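J.: The structure is given below, and queries will be raised subsequently.
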There are 2 protein chains.
Amino acid sequence: MKVNEDKKLLIKVNDMDNVAIVVNANGIQVNTEVYEDLIATENIPQGHKMALMDFEVGDEIIRYGKVIGYAKEKIPKGSWIDENKVRLPIAPPLEDIPVATNILKPMEALEGYTFLGYKNKDGSVGTKNILGITTSVQCVEGVLNVAAEKIKKELLPKYPNVDGIMPINHNYGCGVAINAPEAKVPIRTIKNLATHPNFGGELLILSLGCEKLMPEMLFPHIKDDNIINLQNEEGFEKMIDRILQKAEEHLKRLNKRVREVCPVSDLVVGLQCGGSDSFSGVTANPAVGYASDMLVRCGATVLFSEVTEVRDGVHLLTPRAINQEVGEKLKSEMAWYDNYLELGQVDRDANPTPGNKTGGLANVVEKSLGSIAKSGTAPIVEVLSPGEKPTKKGLVYAATPASDFVCGTCQLASGITTQVFTTGRGTTYGLAMAPVVKVSTRTDLKNKWQDLIDIDAGKIATGEATIEEVGEELFKFIIDIASGKKKVWADKWGIENAICLFNPAPIT
Amino acid sequence: MKVNEDKKLLIKVNDMDNVAIVVNANGIQVNTEVYEDLIATENIPQGHKMALMDFEVGDEIIRYGKVIGYAKEKIPKGSWIDENKVRLPIAPPLEDIPVATNILKPMEALEGYTFLGYKNKDGSVGTKNILGITTSVQCVEGVLNVAAEKIKKELLPKYPNVDGIMPINHNYGCGVAINAPEAKVPIRTIKNLATHPNFGGELLILSLGCEKLMPEMLFPHIKDDNIINLQNEEGFEKMIDRILQKAEEHLKRLNKRVREVCPVSDLVVGLQCGGSDSFSGVTANPAVGYASDMLVRCGATVLFSEVTEVRDGVHLLTPRAINQEVGEKLKSEMAWYDNYLELGQVDRDANPTPGNKTGGLANVVEKSLGSIAKSGTAPIVEVLSPGEKPTKKGLVYAATPASDFVCGTCQLASGITTQVFTTGRGTTYGLAMAPVVKVSTRTDLKNKWQDLIDIDAGKIATGEATIEEVGEELFKFIIDIASGKKKVWADKWGIENAICLFNPAPIT
Ligand SMILES: [Ca+2]
Ligand SMILES: [Ca+2]
Ligand SMILES: [Ca+2]
Ligand SMILES: [Ca+2]
Ligand SMILES: [Ca+2]
């Protein structure tokens, strides 16, 4: 990476790039001489692209060494290339892209790193000790929330080793097409959320009694003892009593659990980004990629996701698939989503937000190339459909929508026990089930949101730290968080986004 | 309606029916002589159908005077007709059904009925006085919930005339295909929820700042003063301060409001059912239909909904359309939903739940005929797409999914200030934004759920009360509830189901 060391105005990632990103907070003013022969022809805001050459109509615009689009008009050297001047390239056709051709030799193992986790009988390890109460249908939510308040007030203080209670409320369970082909997605997600490692193997399900998604559909061998059926109870007060009584049985067991020393290979870390900007791809995401490689070298499981954000860079990922089968599954997840969007009459450039564009991202290709940087350099050992649990350790592609809350929910179902979340514009997102480490792409954001951003990757742009340094800082912070030695800001404040299922099937 | 007066074992709705419903709680035992020449050939549970004649394969099975299906096998007189013996008829083809051919002459007006409501500047009248805080995107939910807890604890006690605070949290706003053709549905719903009559005309929007659904998309002329943009705030604590400060400004104004005498024509009442059984169509729903007619005769607005539940009886509704245009809109809403289900590869019989079937409903046709009874006999003056606000008073068909939470949310967006909810199996559903009156179809349920069911329509089946008597009881109860003189059970306990938007467009 090249930084203009003198003035720190521009950042250019790859030697082949014919655009560079404005680094400094106030942007570049018209007539500023950035280099000897590069003069700004207009004001360019921070995070946006400056033309490093004269573009003719149709010329390739290159960032990260890749074509992010074509010039829609003549663009003189020194001018601002905003999204209106960039024509979107076509998405890489899935049939033509190479698979499993670029597997790097295994990275050197990192030995000896441990964290303090809660060991579960199924071999998974939790980073929190939470009482999870799963609902089989939204009908029961109102009652459960009243009970949950009472549990927090009356029971939790008696069980100090328990971190909290998590009612898994969702919009599913009835009034849905339970036999639709795609119904398997939300059903699998609920099932896998219910058995999350941070719930300590304690299964407790609240059912109405006449819903489509009966608890037995989720867990054919579930003990009656772990199901509360509201239609079996004699009115509201009895329902509340019953929920509290069952909750206390579970709390007693959970309260006896203690953290034990576990190898970092027991960690399952999810990665995502939200409120991205032009810096995401040069600061936070590469630093996350470095931390991801360290985790993988320790034998941990790392999930990256967000189909619509990798779709345009998928030709860079398929070669990293560990074998043909994994590569084909990656392509089939992309194809599934292409079709899903087409049925909804949506094109893929629907992804970038106004905030992304204000932040300097011209289109989904540019966003995608930055987003993929989170995945580091490890081979992709497995590809998951939305909400599936991994069966392998290492770098895993978990196909999910890019929507922060839906991706978060799907990754939780896949069993992540910590999430790393990079943000440029700034979002206040948090999860109740697992800690979310917030990484800022710009130091401005960290300065503004001191009490929300956990790690600042913006210092990479200003030259204060390297990608490797921030990556290692993040790696160590993840271990402290997973061990309960430190708390992420979102957990300190109790910021919790609701569960949001991905339901591609109709409701009825 | 004919009840077997001697033994009260069977109920038959229409003289043409060749099946009847078992009324008594324990069902009918094999060999019971129900009438002189009608002997049970097997045990038949409560709510289920008994054959009143010998059926050959293919014979019409008639309930409510309509064909609910065809015999799949020989069914001897006196036997149990469960759902496995019934073949589903095809749905009425939309092109052939008559429109606006059966408008009854206007019903006699009911004069002089009033309630105590909160008058709004736009002419709407609220039944509660709530501070609504609308979110433009799910990202802000975690912060808003922390603020809402503080508002409840620290501010609300100072403003005793305010009934509560309602954060309108939802799954929409970003990570969605905002330009998809069907995106208009969730966007309209959020917009109309934000201006609900029970919020007293106070608009307050919490925005992240970089989401796709910017507040200006919802309200082009909104004053900056009514928007809180989290990305503009200097961290979490400042965000909370800012939300509390804005909330208090609004609470001060809301606290000055008083209930005033309003004609019942200012009421907007929504109707729906959930957890239906065989009794829904003979007790609760007809009683609700009677109350609906009384409300319409007072000049009130009554909404009925649930597309998948009226689809099979739509040929009974189109003739009641006030004119050709309204009838065609009704057909087009049905056609839209037919197509929506087809895209998801779902057939319409996906609607009935296991609980419906256990309750005796063989299929969607039988469920539909019972469900339509809620609409009484008034002409249909308007048809709304999901989440639209009505422009006319009288009986309105508001097209929504049948899902209780989605229907509830859409009806709230359409401006209902009270909802009537009939249930046979029993659901604990409640709404924070408007009171929900729970009507049971069976007395067994009322006896079991004394502290959840507001009105028992089961006494119609046992002959203790007539449809008209229960209908009038419900009508008067609605007025007391709307006036704040009585509270529904769900409000006494604080049972609140979450907002659940209908989003037929893809997420990204
Ligand atoms: Ca992202
Ligand atoms: Ca995201
Ligand atoms: Ca219903
Ligand atoms: Ca239901
Ligand atoms: Ca319903």
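Going by the structure tokens order, chains are called A, B, ..., each with residues numbered from 1, while ligands are numbered from 1 in the order shown.
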List all protein, DNA and RNA residues that have at least one atom no more than 7 Å from any atom of ligand 2, counting only C-alpha atoms and all ligand atoms, and write them as a PyMOL selection string.

T.: chain A and resi 272-274+306+402-404+407

J.: Keeping N, CA, C and O atoms, export the residues of the selection given above as a PDB file, in the first residue's frame.

T.:
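File result.pdb, as written:
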ATOM      1  N   GLN A 272     -18.407  -9.607   9.765  1.00  0.00           N
ATOM      2  CA  GLN A 272     -19.242  -8.905   8.807  1.00  0.00           C
ATOM      3  C   GLN A 272     -18.951  -7.419   8.847  1.00  0.00           C
ATOM      4  O   GLN A 272     -18.203  -6.931   9.704  1.00  0.00           O
ATOM      5  N   CYS A 273     -19.505  -6.705   7.868  1.00  0.00           N
ATOM      6  CA  CYS A 273     -19.350  -5.259   7.842  1.00  0.00           C
ATOM      7  C   CYS A 273     -20.712  -4.627   7.644  1.00  0.00           C
ATOM      8  O   CYS A 273     -21.655  -5.257   7.193  1.00  0.00           O
ATOM      9  N   GLY A 274     -20.813  -3.365   8.006  1.00  0.00           N
ATOM     10  CA  GLY A 274     -22.072  -2.634   7.861  1.00  0.00           C
ATOM     11  C   GLY A 274     -21.785  -1.156   7.902  1.00  0.00           C
ATOM     12  O   GLY A 274     -20.913  -0.710   8.652  1.00  0.00           O
ATOM     13  N   GLU A 306     -22.302 -12.652   3.643  1.00  0.00           N
ATOM     14  CA  GLU A 306     -22.817 -11.518   2.872  1.00  0.00           C
ATOM     15  C   GLU A 306     -22.731 -11.747   1.354  1.00  0.00           C
ATOM     16  O   GLU A 306     -21.903 -11.157   0.656  1.00  0.00           O
ATOM     17  N   ALA A 402     -26.578  -9.800   3.181  1.00  0.00           N
ATOM     18  CA  ALA A 402     -25.642  -8.823   3.736  1.00  0.00           C
ATOM     19  C   ALA A 402     -26.272  -7.990   4.850  1.00  0.00           C
ATOM     20  O   ALA A 402     -25.562  -7.422   5.678  1.00  0.00           O
ATOM     21  N   SER A 403     -27.596  -7.939   4.877  1.00  0.00           N
ATOM     22  CA  SER A 403     -28.307  -7.207   5.927  1.00  0.00           C
ATOM     23  C   SER A 403     -27.684  -7.527   7.283  1.00  0.00           C
ATOM     24  O   SER A 403     -27.563  -8.690   7.657  1.00  0.00           O
ATOM     25  N   ASP A 404     -27.289  -6.492   8.027  1.00  0.00           N
ATOM     26  CA  ASP A 404     -26.543  -6.719   9.269  1.00  0.00           C
ATOM     27  C   ASP A 404     -27.262  -7.666  10.231  1.00  0.00           C
ATOM     28  O   ASP A 404     -26.668  -8.570  10.806  1.00  0.00           O
ATOM     29  N   CYS A 407     -27.650 -11.268   8.620  1.00  0.00           N
ATOM     30  CA  CYS A 407     -26.337 -11.929   8.636  1.00  0.00           C
ATOM     31  C   CYS A 407     -25.982 -12.312  10.073  1.00  0.00           C
ATOM     32  O   CYS A 407     -25.526 -13.428  10.334  1.00  0.00           O
TER      33      CYS A 407
END

J.: Would you please give, as a PyMOL selection string, all residues of range 137-372 of chain B that DSSP assigns to strand (DSSP E or B) based on the backbone?

T.: chain B and resi 164-168+176+205-207+227-229+260-263+268-273+301-304+321

J.: At a cut-off of 6 Å, which residues of chain A touch chain B? Count only C-alpha atoms and give the answer as a PyMOL selection string.

T.: chain A and resi 139+141-143+175+177+180+210+212+234-235+344+346+350-351+353-355+401-403+429+448-449+451+495-497+505-506+508

J.: Could you check how far CA of Ile479 in chain A sits from CA of Lys191 in chain A, in Å to one decimal?

T.: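 Answer for the CA of Ile479 in chain A to CA of Lys191 in chain A separation: 27.5 Å.
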
J.: Tell me, which residues of range 301-420 of chain B carry DSSP alpha helix (DSSP H), written as a VMD selection string?

T.: chain B and resid 307 to 310 314 to 317 324 to 343 354 to 358 364 to 372 404 to 413

J.: Could those selected residues go to a file with C-alpha atoms, as a PDB file, in the first residue's frame?

T.:
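Listed below is the output, out27.pdb:
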ATOM      1  CA  VAL B 307     -56.346 -13.027   2.118  1.00  0.00           C
ATOM      2  CA  THR B 308     -55.580 -16.738   2.326  1.00  0.00           C
ATOM      3  CA  GLU B 309     -58.615 -17.228   4.526  1.00  0.00           C
ATOM      4  CA  VAL B 310     -61.118 -15.431   2.334  1.00  0.00           C
ATOM      5  CA  VAL B 314     -64.231 -14.646  -2.284  1.00  0.00           C
ATOM      6  CA  HIS B 315     -67.171 -15.416  -4.596  1.00  0.00           C
ATOM      7  CA  LEU B 316     -69.358 -14.667  -1.569  1.00  0.00           C
ATOM      8  CA  LEU B 317     -67.665 -11.307  -1.044  1.00  0.00           C
ATOM      9  CA  GLN B 324     -67.541  -2.545  -9.885  1.00  0.00           C
ATOM     10  CA  GLU B 325     -64.281  -0.779  -9.014  1.00  0.00           C
ATOM     11  CA  VAL B 326     -64.247  -2.044  -5.423  1.00  0.00           C
ATOM     12  CA  GLY B 327     -65.073  -5.560  -6.633  1.00  0.00           C
ATOM     13  CA  GLU B 328     -62.243  -5.494  -9.158  1.00  0.00           C
ATOM     14  CA  LYS B 329     -59.769  -4.269  -6.538  1.00  0.00           C
ATOM     15  CA  LEU B 330     -60.836  -7.168  -4.317  1.00  0.00           C
ATOM     16  CA  LYS B 331     -60.185  -9.584  -7.166  1.00  0.00           C
ATOM     17  CA  SER B 332     -56.840  -7.995  -7.956  1.00  0.00           C
ATOM     18  CA  GLU B 333     -55.676  -8.362  -4.350  1.00  0.00           C
ATOM     19  CA  MET B 334     -56.598 -12.057  -4.506  1.00  0.00           C
ATOM     20  CA  ALA B 335     -54.774 -12.421  -7.834  1.00  0.00           C
ATOM     21  CA  TRP B 336     -51.698 -10.681  -6.402  1.00  0.00           C
ATOM     22  CA  TYR B 337     -51.605 -13.176  -3.529  1.00  0.00           C
ATOM     23  CA  ASP B 338     -52.223 -16.176  -5.820  1.00  0.00           C
ATOM     24  CA  ASN B 339     -49.142 -15.095  -7.765  1.00  0.00           C
ATOM     25  CA  TYR B 340     -47.105 -14.412  -4.616  1.00  0.00           C
ATOM     26  CA  LEU B 341     -47.769 -17.923  -3.320  1.00  0.00           C
ATOM     27  CA  GLU B 342     -47.065 -19.443  -6.731  1.00  0.00           C
ATOM     28  CA  LEU B 343     -43.661 -17.726  -6.897  1.00  0.00           C
ATOM     29  CA  PRO B 354     -52.169 -28.501  12.771  1.00  0.00           C
ATOM     30  CA  GLY B 355     -54.223 -26.758  15.456  1.00  0.00           C
ATOM     31  CA  ASN B 356     -56.950 -25.868  12.964  1.00  0.00           C
ATOM     32  CA  LYS B 357     -57.092 -29.506  11.891  1.00  0.00           C
ATOM     33  CA  THR B 358     -57.121 -30.839  15.436  1.00  0.00           C
ATOM     34  CA  VAL B 364     -58.917 -23.911   3.804  1.00  0.00           C
ATOM     35  CA  VAL B 365     -62.394 -23.836   2.287  1.00  0.00           C
ATOM     36  CA  GLU B 366     -64.052 -24.768   5.540  1.00  0.00           C
ATOM     37  CA  LYS B 367     -61.782 -22.338   7.404  1.00  0.00           C
ATOM     38  CA  SER B 368     -62.576 -19.611   4.892  1.00  0.00           C
ATOM     39  CA  LEU B 369     -66.342 -19.911   5.113  1.00  0.00           C
ATOM     40  CA  GLY B 370     -66.079 -19.586   8.882  1.00  0.00           C
ATOM     41  CA  SER B 371     -63.646 -16.705   8.706  1.00  0.00           C
ATOM     42  CA  ILE B 372     -65.843 -14.646   6.371  1.00  0.00           C
ATOM     43  CA  ASP B 404     -51.730 -12.972  13.209  1.00  0.00           C
ATOM     44  CA  PHE B 405     -48.746 -10.655  13.727  1.00  0.00           C
ATOM     45  CA  VAL B 406     -48.524  -9.543  10.097  1.00  0.00           C
ATOM     46  CA  CYS B 407     -52.265  -8.966   9.846  1.00  0.00           C
ATOM     47  CA  GLY B 408     -52.150  -7.075  13.142  1.00  0.00           C
ATOM     48  CA  THR B 409     -49.296  -4.871  11.921  1.00  0.00           C
ATOM     49  CA  CYS B 410     -50.960  -4.152   8.567  1.00  0.00           C
ATOM     50  CA  GLN B 411     -54.268  -3.308  10.251  1.00  0.00           C
ATOM     51  CA  LEU B 412     -52.470  -0.967  12.675  1.00  0.00           C
ATOM     52  CA  ALA B 413     -50.897   0.749   9.666  1.00  0.00           C
TER      53      ALA B 413
END

J.: List as a VMD selection string the protein and nucleic acid residues near range 457-471 of chain A, meaning an atom at most 12 Å away when only C-alpha atoms are counted, but skip any in the same chain fewer than 6 places from it.

T.: chain A and resid 1 to 13 21 to 25 46 to 47 277 to 295 373 to 374 376 420 to 424 438 to 447 477 to 478

J.: Counting only C-alpha atoms, what is within 12 Å of Leu193 in chain B, bar same-chain residues fewer than 4 positions away, as a VMD selection string?

T.: chain B and resid 132 to 136 166 to 170 186 to 189 197 to 199 201 to 205 218 387 to 389 408 to 417 433 to 434 499 to 501

J.: What would the file look like if the residues just selected were written as a CSV table (one decimal), in the first residue's frame with N, CA and C atoms?

T.:
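This is the output file again17.csv:
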chain,number,residue,atom,x,y,z
B,132,GLY,N,-45.2,7.4,20.3
B,132,GLY,CA,-44.6,6.5,19.3
B,132,GLY,C,-43.3,7.0,18.8
B,133,ILE,N,-42.3,6.1,18.8
B,133,ILE,CA,-41.0,6.5,18.2
B,133,ILE,C,-40.7,5.5,17.1
B,134,THR,N,-40.7,6.1,15.9
B,134,THR,CA,-40.6,5.3,14.7
B,134,THR,C,-39.1,5.1,14.4
B,135,THR,N,-38.7,3.9,13.9
B,135,THR,CA,-37.3,3.8,13.5
B,135,THR,C,-37.3,3.6,12.0
B,136,SER,N,-36.3,4.2,11.3
B,136,SER,CA,-36.2,4.0,9.9
B,136,SER,C,-35.4,2.8,9.5
B,166,MET,N,-44.0,3.6,22.7
B,166,MET,CA,-44.0,2.5,21.7
B,166,MET,C,-42.9,2.7,20.7
B,167,PRO,N,-41.8,1.9,20.9
B,167,PRO,CA,-40.7,2.0,19.9
B,167,PRO,C,-41.2,1.1,18.7
B,168,ILE,N,-41.3,1.7,17.5
B,168,ILE,CA,-41.7,0.9,16.4
B,168,ILE,C,-40.4,0.3,15.7
B,169,ASN,N,-40.0,-0.8,16.4
B,169,ASN,CA,-38.9,-1.6,15.9
B,169,ASN,C,-39.4,-2.5,14.8
B,170,HIS,N,-38.5,-2.7,13.8
B,170,HIS,CA,-38.9,-3.6,12.6
B,170,HIS,C,-37.6,-4.1,12.0
B,186,PRO,N,-43.8,-2.7,2.6
B,186,PRO,CA,-43.2,-2.3,3.9
B,186,PRO,C,-43.0,-0.9,4.1
B,187,ILE,N,-42.6,-0.1,3.1
B,187,ILE,CA,-42.4,1.3,3.3
B,187,ILE,C,-43.7,2.0,3.7
B,188,ARG,N,-44.8,1.7,2.9
B,188,ARG,CA,-46.1,2.3,3.3
B,188,ARG,C,-46.5,1.9,4.7
B,189,THR,N,-46.2,0.7,5.1
B,189,THR,CA,-46.6,0.2,6.4
B,189,THR,C,-45.9,1.0,7.5
B,197,PRO,N,-53.3,6.9,14.8
B,197,PRO,CA,-54.1,7.8,15.6
B,197,PRO,C,-53.8,7.8,17.1
B,198,ASN,N,-53.3,6.7,17.6
B,198,ASN,CA,-53.0,6.6,19.0
B,198,ASN,C,-51.7,7.3,19.4
B,199,PHE,N,-51.0,7.9,18.4
B,199,PHE,CA,-49.7,8.7,18.7
B,199,PHE,C,-50.0,10.2,18.7
B,201,GLY,N,-50.7,12.5,16.7
B,201,GLY,CA,-50.1,13.4,15.7
B,201,GLY,C,-48.7,13.8,15.9
B,202,GLU,N,-48.0,13.1,16.9
B,202,GLU,CA,-46.6,13.4,17.3
B,202,GLU,C,-45.7,12.5,16.4
B,203,LEU,N,-45.0,13.1,15.5
B,203,LEU,CA,-44.0,12.3,14.7
B,203,LEU,C,-42.6,12.4,15.3
B,204,LEU,N,-42.0,11.3,15.6
B,204,LEU,CA,-40.7,11.3,16.1
B,204,LEU,C,-39.9,10.1,15.5
B,205,ILE,N,-38.9,10.3,14.7
B,205,ILE,CA,-38.2,9.3,14.0
B,205,ILE,C,-36.7,9.1,14.4
B,218,LEU,N,-39.8,8.6,3.8
B,218,LEU,CA,-41.1,8.3,4.5
B,218,LEU,C,-41.9,9.6,4.5
B,387,GLY,N,-51.5,-2.5,4.4
B,387,GLY,CA,-50.9,-1.3,5.1
B,387,GLY,C,-51.5,0.1,4.6
B,388,GLU,N,-52.4,0.1,3.7
B,388,GLU,CA,-53.0,1.3,3.2
B,388,GLU,C,-54.0,1.8,4.2
B,389,LYS,N,-54.2,3.2,4.2
B,389,LYS,CA,-55.3,3.7,5.1
B,389,LYS,C,-56.6,3.8,4.4
B,408,GLY,N,-52.0,-8.1,12.1
B,408,GLY,CA,-52.2,-7.1,13.1
B,408,GLY,C,-51.4,-5.8,12.8
B,409,THR,N,-50.2,-6.0,12.3
B,409,THR,CA,-49.3,-4.9,11.9
B,409,THR,C,-49.9,-4.1,10.7
B,410,CYS,N,-50.4,-4.8,9.7
B,410,CYS,CA,-51.0,-4.2,8.6
B,410,CYS,C,-52.2,-3.4,9.0
B,411,GLN,N,-53.0,-4.0,9.8
B,411,GLN,CA,-54.3,-3.3,10.3
B,411,GLN,C,-53.9,-2.1,11.1
B,412,LEU,N,-52.9,-2.2,11.9
B,412,LEU,CA,-52.5,-1.0,12.7
B,412,LEU,C,-52.1,0.1,11.7
B,413,ALA,N,-51.3,-0.2,10.7
B,413,ALA,CA,-50.9,0.7,9.7
B,413,ALA,C,-52.1,1.4,9.0
B,414,SER,N,-53.2,0.5,8.8
B,414,SER,CA,-54.4,1.1,8.2
B,414,SER,C,-55.2,1.9,9.2
B,415,GLY,N,-54.7,2.0,10.5
B,415,GLY,CA,-55.3,3.0,11.4
B,415,GLY,C,-56.3,2.4,12.4
B,416,ILE,N,-56.4,1.1,12.5
B,416,ILE,CA,-57.3,0.6,13.5
B,416,ILE,C,-56.9,1.0,14.9
B,417,THR,N,-57.9,1.4,15.7
B,417,THR,CA,-57.7,1.8,17.1
B,417,THR,C,-58.1,0.8,18.1
B,433,MET,N,-50.0,-1.1,20.4
B,433,MET,CA,-50.5,0.2,19.9
B,433,MET,C,-52.0,0.4,20.0
B,434,ALA,N,-52.7,-0.7,20.1
B,434,ALA,CA,-54.2,-0.7,20.2
B,434,ALA,C,-54.7,-1.9,21.0
B,499,ILE,N,-44.1,-5.8,16.3
B,499,ILE,CA,-44.5,-5.4,14.9
B,499,ILE,C,-43.8,-6.4,13.9
B,500,CYS,N,-44.6,-6.8,12.9
B,500,CYS,CA,-44.0,-7.7,11.9
B,500,CYS,C,-44.5,-7.3,10.6
B,501,LEU,N,-43.5,-6.6,9.8
B,501,LEU,CA,-43.9,-6.1,8.5
B,501,LEU,C,-44.1,-7.2,7.5
